[in-house]
Protein chains: 2
Amino acid sequence: MRLAVLGAGSWGTALAQHAARCAHQVTLYAREPELARAIDRDHVNPDFLAGVALVPELRATSDLGAAVAGAEALIVAIPSEFCRTFYRQLAPLAPAGAPLVSATKGLELGSLKRMTEIAAEELPARPLAALSGPSFALEVAREQPTTVVVASADEAAQVMLQHGLSSRSFRVYGSSDLVGVELAGALKNVVAIAAGIVTGLGYGHNTVAALITRGLAEMSRLALAKGGRAETLSGLAGLGDLVLTCTGALSRNRALGEALGRGQTLREAQAATRMVAEGVRTTLAACTLAERAGVEMPIAHKMREVLYEGKAPRVALDELMLRSLKKE
Amino acid sequence: MRLAVLGAGSWGTALAQHAARCAHQVTLYAREPELARAIDRDHVNPDFLAGVALVPELRATSDLGAAVAGAEALIVAIPSEFCRTFYRQLAPLAPAGAPLVSATKGLELGSLKRMTEIAAEELPARPLAALSGPSFALEVAREQPTTVVVASADEAAQVMLQHGLSSRSFRVYGSSDLVGVELAGALKNVVAIAAGIVTGLGYGHNTVAALITRGLAEMSRLALAKGGRAETLSGLAGLGDLVLTCTGALSRNRALGEALGRGQTLREAQAATRMVAEGVRTTLAACTLAERAGVEMPIAHKMREVLYEGKAPRVALDELMLRSLKKE
């Protein structure tokens, strides 16, 4: 299959590497010409996936038209805040009918839309899918056993992607619950910031485990209110990805929370990495979505107070832990 | 409140320490007289909770009758394999009507009974409860924020225990789902061994997260088939404790699995610690329960093959990861 992976951050690069290993003809699009050259010529991504030898068959370019020409599917992995603009740029270039797979985990501020909702507006008349699940990029690039979900309302596209992207070390499960998969992927980053704060404050594993449990409950409440399915939230794209992001060392949202817990400001914590911690923006979108849906999301609201209203992380966490006793 | 905590392993000692801090009059029963003396006189438990200064008000004794005399509640924290014998020994000594709280996480081999089912047979006519949730003993002893569940069919006992044991750093939630709480607490240890194997084999966080997700699904199938409730499995005693045990560094079941994954035999791995990894025995009970209930538990069955039938951990894990593709 001829595939275009759009976005050469760590996740896009890892997905492209994986797809190239599956013997697909893969072109990776990088905005920066130097980065495209490094990948195409030297088979490394020094900016976002340093230390990984990329397969020589993986092509890269900074010419978006060339990247997507003839592609039978497009996988997009760019930060959520750039998605609408990027989709507009992509619209006249993308081969007609080629499925678009969103691998971005976030929500659009203002509209509060999911990435495939934006794609439906900007790139209509093509199958849309979302790829999500517990999958640190570095581990995928290194062929550690990984499981993900591809969700699409278009069954043919879903099956094609599921089988086309599965390998011995990368198992792709199918789902038709786009809403649940995309909301879970976005919302877990908010909980991950809180989990990072717990660790940064010096609290232990018991506290993180409690937070993950409460976090999945509030993610599920919102996702179900928006039409997602309970099985999705308790599956790989929900529980699985939440656990990974809240406990694994490679999570940028968790790392950002940990820096906040240790006393850094948001600006300092964000300056420490070139990667985007999507949870910072998603916190705002999640709170607004929850308010409109009449759903209680205490962790997201505390994170909004910490990130945007100057509340001290320790005070926020104590308030979360000291909610009045009740039945589970 | 006058409380007896029976069993001076790490968990019993931590619970006794916590209860004594709550200003209850607590006596901790240790089978070994020397250990009881160390706790009572030197305020340390060198065998199971080294490095923690116990509160001086905490009394300890190796005289079971003295330990339970006048107790308004009994908290039992001994390995599951000794529970029936211990309950028989306790029956003539325990104050009439005092609630018994099981803090043991396991199932009886042969009968496949939960700990409170055994207690109901051996110590009838008293309220029975189970205490469970994500709670490493060392972190509880050090007052790290922790949340647990107390489940009982007896509402008065449940409320009394919930309020009596709650503090600023230790939050106790109530539940009436004894079946769900006890099965979740027992079954998570089986998944934790598998999670340890994953790490011991050198696989990464993606694989552990997938295993946790599949693990909770199979735990839930069995618990629901036995009358437990879905909310319990997705709550602190289910998801919360599972995540803790599968990712936290202090889990003895996970540590045992990790040793197996690195190539040790079961005998070698068990010899490395004085603590009991309950999951080894629970694996057998879980498989039999699942077979009788007609429930699929692939992880438990693979663990049985590894622990009791000599299957290589890597082969077992690969078989789990390579199940045929399907919808989630």
# chains A, B, ... in the order shown; residues from 1 in each chain; ligands from 1
$ residues_around --residues "A:Ser175" --least-positions-apart "5" --cutoff "9 Å" --atoms "only C-alpha atoms" --output "number ranges by chain"
A: 149-153, 155, 158, 181, 232; B: 327-328
$ write_last_selection --atoms "N, CA, C and O atoms" --output "mmCIF file, in the first residue's frame"
data_model
loop_
_atom_site.group_PDB
_atom_site.id
_atom_site.type_symbol
_atom_site.label_atom_id
_atom_site.label_comp_id
_atom_site.auth_asym_id
_atom_site.auth_seq_id
_atom_site.Cartn_x
_atom_site.Cartn_y
_atom_site.Cartn_z
ATOM 1 N N VAL A 149 -5.979 0.806 18.608
ATOM 2 C CA VAL A 149 -7.314 0.681 18.038
ATOM 3 C C VAL A 149 -7.411 1.605 16.838
ATOM 4 O O VAL A 149 -6.924 2.733 16.892
ATOM 5 N N VAL A 150 -8.006 1.137 15.759
ATOM 6 C CA VAL A 150 -8.388 2.029 14.665
ATOM 7 C C VAL A 150 -9.907 2.072 14.623
ATOM 8 O O VAL A 150 -10.559 1.028 14.482
ATOM 9 N N ALA A 151 -10.442 3.264 14.787
ATOM 10 C CA ALA A 151 -11.894 3.427 14.782
ATOM 11 C C ALA A 151 -12.334 4.164 13.537
ATOM 12 O O ALA A 151 -11.699 5.136 13.128
ATOM 13 N N SER A 152 -13.404 3.672 12.946
ATOM 14 C CA SER A 152 -13.981 4.364 11.802
ATOM 15 C C SER A 152 -15.422 3.939 11.641
ATOM 16 O O SER A 152 -15.780 2.806 11.967
ATOM 17 N N ALA A 153 -16.245 4.856 11.168
ATOM 18 C CA ALA A 153 -17.622 4.508 10.839
ATOM 19 C C ALA A 153 -17.667 3.767 9.510
ATOM 20 O O ALA A 153 -18.658 3.130 9.172
ATOM 21 N N GLU A 155 -16.642 0.784 7.574
ATOM 22 C CA GLU A 155 -16.144 -0.550 7.901
ATOM 23 C C GLU A 155 -15.028 -1.009 6.958
ATOM 24 O O GLU A 155 -14.042 -1.608 7.400
ATOM 25 N N GLN A 158 -11.865 0.684 7.866
ATOM 26 C CA GLN A 158 -11.386 0.173 9.152
ATOM 27 C C GLN A 158 -10.670 -1.165 8.978
ATOM 28 O O GLN A 158 -9.570 -1.363 9.501
ATOM 29 N N VAL A 181 -13.158 6.811 21.021
ATOM 30 C CA VAL A 181 -11.709 6.702 20.826
ATOM 31 C C VAL A 181 -11.055 8.080 20.837
ATOM 32 O O VAL A 181 -10.032 8.302 21.497
ATOM 33 N N THR A 232 -15.299 1.244 24.912
ATOM 34 C CA THR A 232 -14.142 1.971 24.387
ATOM 35 C C THR A 232 -13.327 2.565 25.526
ATOM 36 O O THR A 232 -12.100 2.512 25.531
ATOM 37 N N LYS B 327 -12.384 -7.190 16.669
ATOM 38 C CA LYS B 327 -12.892 -5.933 17.219
ATOM 39 C C LYS B 327 -12.611 -5.939 18.710
ATOM 40 O O LYS B 327 -12.549 -6.982 19.340
ATOM 41 N N GLU B 328 -12.488 -4.739 19.282
ATOM 42 C CA GLU B 328 -12.256 -4.648 20.733
ATOM 43 C C GLU B 328 -13.495 -5.079 21.474
ATOM 44 O O GLU B 328 -14.591 -4.711 21.136
#
$ calpha_fit_and_write --fixed "chain B" --moving "chain A" --output "compact mmCIF listing (two decimals) with C-alpha atoms, in the first residue's frame"
# COMPACT_ATOMS: atom_id res chain seq x y z
CA MET A 1 -12.50 2.40 69.16
CA ARG A 2 -10.68 -0.69 70.38
CA LEU A 3 -9.27 -2.53 67.34
CA ALA A 4 -7.38 -5.77 66.86
CA VAL A 5 -5.22 -6.13 63.76
CA LEU A 6 -4.31 -9.75 63.25
CA GLY A 7 -1.19 -10.47 61.25
CA ALA A 8 2.01 -8.43 61.48
CA GLY A 9 3.20 -8.67 57.89
CA SER A 10 3.71 -5.42 56.02
CA TRP A 11 0.01 -4.83 55.35
CA GLY A 12 -1.23 -5.69 58.85
CA THR A 13 1.48 -3.52 60.39
CA ALA A 14 0.70 -0.58 58.10
CA LEU A 15 -3.03 -0.84 58.84
CA ALA A 16 -2.34 -1.03 62.59
CA GLN A 17 -0.03 1.98 62.35
CA HIS A 18 -2.70 3.90 60.47
CA ALA A 19 -5.46 2.95 62.92
CA ALA A 20 -3.29 3.89 65.89
CA ARG A 21 -2.67 7.28 64.26
CA CYS A 22 -6.45 7.68 64.06
CA ALA A 23 -6.36 7.57 67.88
CA HIS A 24 -7.88 4.13 68.11
CA GLN A 25 -6.63 1.72 70.75
CA VAL A 26 -4.92 -0.83 68.54
CA THR A 27 -3.36 -4.18 69.34
CA LEU A 28 -1.41 -5.93 66.59
CA TYR A 29 -1.15 -9.69 66.77
CA ALA A 30 2.12 -11.25 65.54
CA ARG A 31 2.56 -15.01 65.54
CA GLU A 32 6.25 -14.79 66.41
CA PRO A 33 6.88 -13.54 69.98
CA GLU A 34 10.13 -11.82 68.96
CA LEU A 35 8.36 -9.82 66.27
CA ALA A 36 5.58 -8.85 68.69
CA ARG A 37 8.23 -7.71 71.15
CA ALA A 38 10.09 -5.65 68.54
CA ILE A 39 6.87 -3.86 67.61
CA ASP A 40 5.61 -3.42 71.17
CA ARG A 41 8.89 -2.36 72.74
CA ASP A 42 11.06 -0.93 69.98
CA HIS A 43 8.25 0.34 67.71
CA VAL A 44 9.67 -1.24 64.58
CA ASN A 45 8.85 -4.23 62.39
CA PRO A 46 12.30 -5.18 61.12
CA ASP A 47 11.00 -8.22 59.22
CA PHE A 48 8.22 -6.69 57.12
CA LEU A 49 8.24 -2.90 57.40
CA ALA A 50 11.84 -2.00 58.04
CA GLY A 51 12.68 1.69 58.19
CA VAL A 52 9.28 2.82 59.45
CA ALA A 53 9.02 4.25 62.97
CA LEU A 54 5.81 2.84 64.43
CA VAL A 55 3.73 5.00 66.72
CA PRO A 56 4.49 4.20 70.38
CA GLU A 57 0.78 3.86 71.19
CA LEU A 58 0.57 0.77 68.95
CA ARG A 59 0.63 -2.33 71.14
CA ALA A 60 1.63 -5.77 69.87
CA THR A 61 1.37 -9.27 71.30
CA SER A 62 1.76 -12.89 70.23
CA ASP A 63 -1.14 -13.87 72.52
CA LEU A 64 -4.17 -14.02 70.24
CA GLY A 65 -6.66 -14.02 73.13
CA ALA A 66 -5.10 -10.89 74.60
CA ALA A 67 -5.00 -9.25 71.16
CA VAL A 68 -8.73 -9.60 70.56
CA ALA A 69 -10.04 -9.13 74.12
CA GLY A 70 -12.55 -6.29 74.12
CA ALA A 71 -12.01 -5.52 70.42
CA GLU A 72 -14.87 -3.72 68.68
CA ALA A 73 -13.58 -4.80 65.28
CA LEU A 74 -11.06 -7.35 64.00
CA ILE A 75 -8.93 -6.69 60.94
CA VAL A 76 -7.30 -9.80 59.51
CA ALA A 77 -4.24 -9.53 57.29
CA ILE A 78 -2.61 -12.93 57.01
CA PRO A 79 -1.83 -14.96 53.87
CA SER A 80 -4.93 -16.60 52.39
CA GLU A 81 -3.60 -20.13 52.75
CA PHE A 82 -3.65 -19.83 56.56
CA CYS A 83 -7.01 -18.08 56.87
CA ARG A 84 -9.28 -21.04 57.56
CA THR A 85 -7.04 -22.49 60.26
CA PHE A 86 -6.60 -19.04 61.76
CA TYR A 87 -10.32 -18.30 61.77
CA ARG A 88 -10.92 -21.59 63.62
CA GLN A 89 -8.35 -20.58 66.21
CA LEU A 90 -9.95 -17.15 66.44
CA ALA A 91 -13.56 -18.32 66.76
CA PRO A 92 -13.63 -19.08 70.51
CA LEU A 93 -11.67 -15.92 71.34
CA ALA A 94 -13.31 -13.20 69.23
CA PRO A 95 -15.76 -10.90 71.06
CA ALA A 96 -19.33 -11.71 70.05
CA GLY A 97 -20.72 -9.52 67.30
CA ALA A 98 -17.47 -7.65 66.56
CA PRO A 99 -17.18 -7.11 62.79
CA LEU A 100 -14.40 -8.99 61.03
CA VAL A 101 -12.64 -7.12 58.23
CA SER A 102 -10.65 -9.22 55.78
CA ALA A 103 -7.63 -7.40 54.36
CA THR A 104 -6.34 -10.60 52.74
CA LYS A 105 -6.34 -10.84 48.94
CA GLY A 106 -6.70 -14.42 47.82
CA LEU A 107 -8.96 -17.42 47.36
CA GLU A 108 -8.94 -20.77 49.15
CA LEU A 109 -7.61 -23.56 46.98
CA GLY A 110 -9.98 -26.50 46.65
CA SER A 111 -13.11 -24.72 47.87
CA LEU A 112 -12.35 -21.64 45.69
CA LYS A 113 -13.98 -19.58 48.42
CA ARG A 114 -13.40 -15.91 49.18
CA MET A 115 -11.97 -15.03 52.58
CA THR A 116 -15.26 -13.70 53.98
CA GLU A 117 -17.04 -16.85 52.81
CA ILE A 118 -14.61 -18.83 54.93
CA ALA A 119 -15.10 -16.41 57.81
CA ALA A 120 -18.86 -16.85 57.55
CA GLU A 121 -18.38 -20.59 58.03
CA GLU A 122 -15.82 -20.43 60.83
CA LEU A 123 -16.91 -17.29 62.68
CA PRO A 124 -20.65 -17.05 62.07
CA ALA A 125 -23.06 -14.43 63.39
CA ARG A 126 -20.94 -11.34 63.00
CA PRO A 127 -20.75 -8.61 60.33
CA LEU A 128 -18.16 -9.36 57.65
CA ALA A 129 -16.30 -6.84 55.55
CA ALA A 130 -13.43 -6.68 53.07
CA LEU A 131 -10.92 -3.85 52.81
CA SER A 132 -9.19 -3.40 49.47
CA GLY A 133 -7.89 -0.82 47.03
CA PRO A 134 -4.61 0.59 45.73
CA SER A 135 -2.53 0.63 48.89
CA PHE A 136 1.11 -0.32 49.13
CA ALA A 137 1.76 -0.92 52.84
CA LEU A 138 4.89 1.19 52.99
CA GLU A 139 3.11 4.21 51.52
CA VAL A 140 0.20 3.86 53.99
CA ALA A 141 2.65 3.61 56.87
CA ARG A 142 4.29 6.82 55.60
CA GLU A 143 0.95 8.64 55.27
CA GLN A 144 1.02 9.02 51.49
CA PRO A 145 -2.51 9.88 50.30
CA THR A 146 -4.33 6.58 49.84
CA THR A 147 -7.87 5.54 49.00
CA VAL A 148 -9.46 2.19 49.78
CA VAL A 149 -12.87 0.57 49.77
CA VAL A 150 -14.58 -1.19 52.65
CA ALA A 151 -17.30 -3.51 51.44
CA SER A 152 -19.91 -5.15 53.60
CA ALA A 153 -23.46 -6.36 53.30
CA ASP A 154 -23.95 -4.95 56.82
CA GLU A 155 -24.54 -1.25 56.31
CA ALA A 156 -23.99 -0.27 59.95
CA ALA A 157 -20.64 -2.04 60.07
CA GLN A 158 -19.64 -0.53 56.75
CA VAL A 159 -20.39 3.01 57.86
CA MET A 160 -18.70 2.47 61.24
CA LEU A 161 -15.52 1.16 59.57
CA GLN A 162 -15.60 3.77 56.83
CA HIS A 163 -15.70 6.63 59.29
CA GLY A 164 -13.53 4.99 61.92
CA LEU A 165 -10.68 4.29 59.52
CA SER A 166 -10.74 7.47 57.43
CA SER A 167 -8.18 10.16 57.98
CA ARG A 168 -6.79 13.07 56.00
CA SER A 169 -4.35 10.84 54.15
CA PHE A 170 -6.38 7.61 54.11
CA ARG A 171 -9.81 7.87 52.51
CA VAL A 172 -12.21 4.95 52.90
CA TYR A 173 -15.08 4.59 50.46
CA GLY A 174 -18.04 2.35 51.17
CA SER A 175 -19.45 -0.47 49.05
CA SER A 176 -21.92 -3.29 49.48
CA ASP A 177 -20.28 -5.45 46.81
CA LEU A 178 -18.26 -7.96 48.81
CA VAL A 179 -18.04 -10.38 45.88
CA GLY A 180 -16.64 -7.80 43.48
CA VAL A 181 -14.19 -6.30 45.98
CA GLU A 182 -12.78 -9.64 47.09
CA LEU A 183 -12.55 -11.18 43.63
CA ALA A 184 -10.90 -8.07 42.19
CA GLY A 185 -8.36 -8.05 45.02
CA ALA A 186 -7.50 -11.69 44.46
CA LEU A 187 -7.47 -11.72 40.65
CA LYS A 188 -5.31 -8.63 40.14
CA ASN A 189 -2.34 -10.52 41.56
CA VAL A 190 -2.50 -12.96 38.66
CA VAL A 191 -2.34 -10.14 36.11
CA ALA A 192 0.47 -8.55 38.12
CA ILE A 193 2.62 -11.64 37.67
CA ALA A 194 2.06 -11.37 33.91
CA ALA A 195 2.91 -7.66 33.99
CA GLY A 196 6.13 -8.49 35.82
CA ILE A 197 7.01 -11.07 33.19
CA VAL A 198 6.54 -8.44 30.45
CA THR A 199 9.08 -6.19 32.16
CA GLY A 200 11.42 -9.05 32.97
CA LEU A 201 11.47 -10.02 29.30
CA GLY A 202 12.57 -6.49 28.42
CA TYR A 203 9.31 -5.33 26.84
CA GLY A 204 8.15 -1.77 27.41
CA HIS A 205 5.29 0.23 28.85
CA ASN A 206 3.08 -0.21 25.78
CA THR A 207 2.97 -3.94 26.41
CA VAL A 208 2.24 -3.57 30.12
CA ALA A 209 -0.60 -1.13 29.39
CA ALA A 210 -2.15 -3.56 26.90
CA LEU A 211 -1.87 -6.36 29.43
CA ILE A 212 -3.52 -4.30 32.18
CA THR A 213 -6.41 -3.49 29.84
CA ARG A 214 -6.94 -7.11 28.86
CA GLY A 215 -6.41 -8.12 32.48
CA LEU A 216 -9.17 -5.91 33.82
CA ALA A 217 -11.49 -7.22 31.11
CA GLU A 218 -10.97 -10.84 32.11
CA MET A 219 -11.13 -10.06 35.84
CA SER A 220 -14.43 -8.28 35.21
CA ARG A 221 -15.86 -11.18 33.21
CA LEU A 222 -15.28 -13.58 36.09
CA ALA A 223 -16.34 -11.19 38.84
CA LEU A 224 -19.58 -10.35 37.05
CA ALA A 225 -20.30 -14.02 36.41
CA LYS A 226 -19.96 -14.59 40.16
CA GLY A 227 -22.31 -11.74 41.07
CA GLY A 228 -19.89 -8.82 41.44
CA ARG A 229 -20.73 -5.40 40.03
CA ALA A 230 -19.14 -3.65 37.06
CA GLU A 231 -18.63 -0.39 39.05
CA THR A 232 -16.53 -2.28 41.58
CA LEU A 233 -14.22 -3.59 38.89
CA SER A 234 -13.78 -0.16 37.35
CA GLY A 235 -13.29 1.39 40.79
CA LEU A 236 -10.52 1.54 43.38
CA ALA A 237 -10.61 -2.15 44.33
CA GLY A 238 -10.53 -3.21 40.66
CA LEU A 239 -8.84 -0.87 38.22
CA GLY A 240 -7.07 1.13 40.94
CA ASP A 241 -5.45 -1.81 42.67
CA LEU A 242 -4.68 -3.53 39.36
CA VAL A 243 -2.83 -0.50 38.03
CA LEU A 244 -0.90 -0.13 41.28
CA THR A 245 0.12 -3.76 41.41
CA CYS A 246 1.09 -3.93 37.74
CA THR A 247 3.11 -0.70 37.59
CA GLY A 248 4.31 0.14 41.09
CA ALA A 249 7.76 -0.90 42.23
CA LEU A 250 6.56 -2.29 45.56
CA SER A 251 4.40 -5.15 44.27
CA ARG A 252 5.62 -8.56 45.28
CA ASN A 253 3.55 -10.35 42.62
CA ARG A 254 4.94 -8.11 39.91
CA ALA A 255 8.45 -8.62 41.31
CA LEU A 256 7.97 -12.37 41.16
CA GLY A 257 6.86 -12.14 37.53
CA GLU A 258 9.83 -9.95 36.70
CA ALA A 259 12.18 -12.57 38.13
CA LEU A 260 10.47 -15.24 36.03
CA GLY A 261 10.78 -13.06 32.94
CA ARG A 262 14.49 -12.66 33.59
CA GLY A 263 14.84 -16.43 33.58
CA GLN A 264 14.56 -17.47 37.23
CA THR A 265 12.56 -20.54 38.19
CA LEU A 266 9.46 -20.18 40.35
CA ARG A 267 11.37 -21.70 43.25
CA GLU A 268 14.21 -19.20 42.88
CA ALA A 269 11.84 -16.27 42.55
CA GLN A 270 9.87 -17.30 45.62
CA ALA A 271 13.00 -17.89 47.69
CA ALA A 272 14.09 -14.29 47.13
CA THR A 273 11.48 -12.87 49.52
CA ARG A 274 9.89 -13.70 52.87
CA MET A 275 6.63 -12.17 51.66
CA VAL A 276 3.93 -14.24 50.03
CA ALA A 277 3.08 -13.60 46.38
CA GLU A 278 -0.60 -14.53 46.59
CA GLY A 279 -0.98 -14.58 42.79
CA VAL A 280 0.85 -17.89 42.45
CA ARG A 281 -1.92 -19.76 44.26
CA THR A 282 -4.69 -17.50 43.03
CA THR A 283 -3.79 -18.39 39.43
CA LEU A 284 -4.94 -21.97 40.06
CA ALA A 285 -8.15 -20.90 41.77
CA ALA A 286 -8.92 -18.32 39.08
CA CYS A 287 -8.54 -20.82 36.25
CA THR A 288 -10.81 -23.34 37.91
CA LEU A 289 -13.42 -20.71 38.78
CA ALA A 290 -13.31 -19.44 35.19
CA GLU A 291 -13.70 -22.91 33.72
CA ARG A 292 -16.68 -23.65 35.97
CA ALA A 293 -18.29 -20.32 35.13
CA GLY A 294 -17.61 -20.73 31.40
CA VAL A 295 -15.62 -17.50 31.31
CA GLU A 296 -12.57 -16.84 29.10
CA MET A 297 -9.45 -15.81 31.08
CA PRO A 298 -6.53 -16.11 28.68
CA ILE A 299 -4.00 -14.32 30.89
CA ALA A 300 -4.76 -16.47 33.93
CA HIS A 301 -4.52 -19.61 31.84
CA LYS A 302 -1.17 -18.58 30.35
CA MET A 303 0.09 -17.85 33.85
CA ARG A 304 -0.96 -21.32 34.95
CA GLU A 305 1.07 -22.76 32.08
CA VAL A 306 4.09 -20.68 33.09
CA LEU A 307 3.86 -21.29 36.84
CA TYR A 308 2.80 -24.92 36.89
CA GLU A 309 3.46 -26.47 33.48
CA GLY A 310 6.90 -25.18 32.62
CA LYS A 311 5.94 -22.99 29.69
CA ALA A 312 8.59 -20.40 28.83
CA PRO A 313 7.42 -16.89 29.81
CA ARG A 314 8.38 -15.44 26.41
CA VAL A 315 6.33 -18.04 24.56
CA ALA A 316 3.34 -17.42 26.85
CA LEU A 317 3.51 -13.66 26.37
CA ASP A 318 3.90 -13.94 22.61
CA GLU A 319 0.87 -16.20 22.48
CA LEU A 320 -1.12 -13.65 24.47
CA MET A 321 -0.06 -10.76 22.24
CA LEU A 322 -0.62 -12.60 18.97
CA ARG A 323 -4.23 -13.55 19.45
CA SER A 324 -6.07 -13.16 16.16
CA LEU A 325 -7.20 -9.69 15.21
CA LYS A 326 -10.68 -8.73 16.16
CA LYS A 327 -12.90 -5.92 17.23
CA GLU A 328 -12.28 -4.63 20.73
$ select_by_dssp --residues "stretch 99-325 of chain A" --states "alpha helix (DSSP H)" --output "PyMOL selection string"
chain A and resi 115-122+137-141+155-165+178-200+205-225+230-233+241-247+252-261+266-271+279-293+298-308+313-321
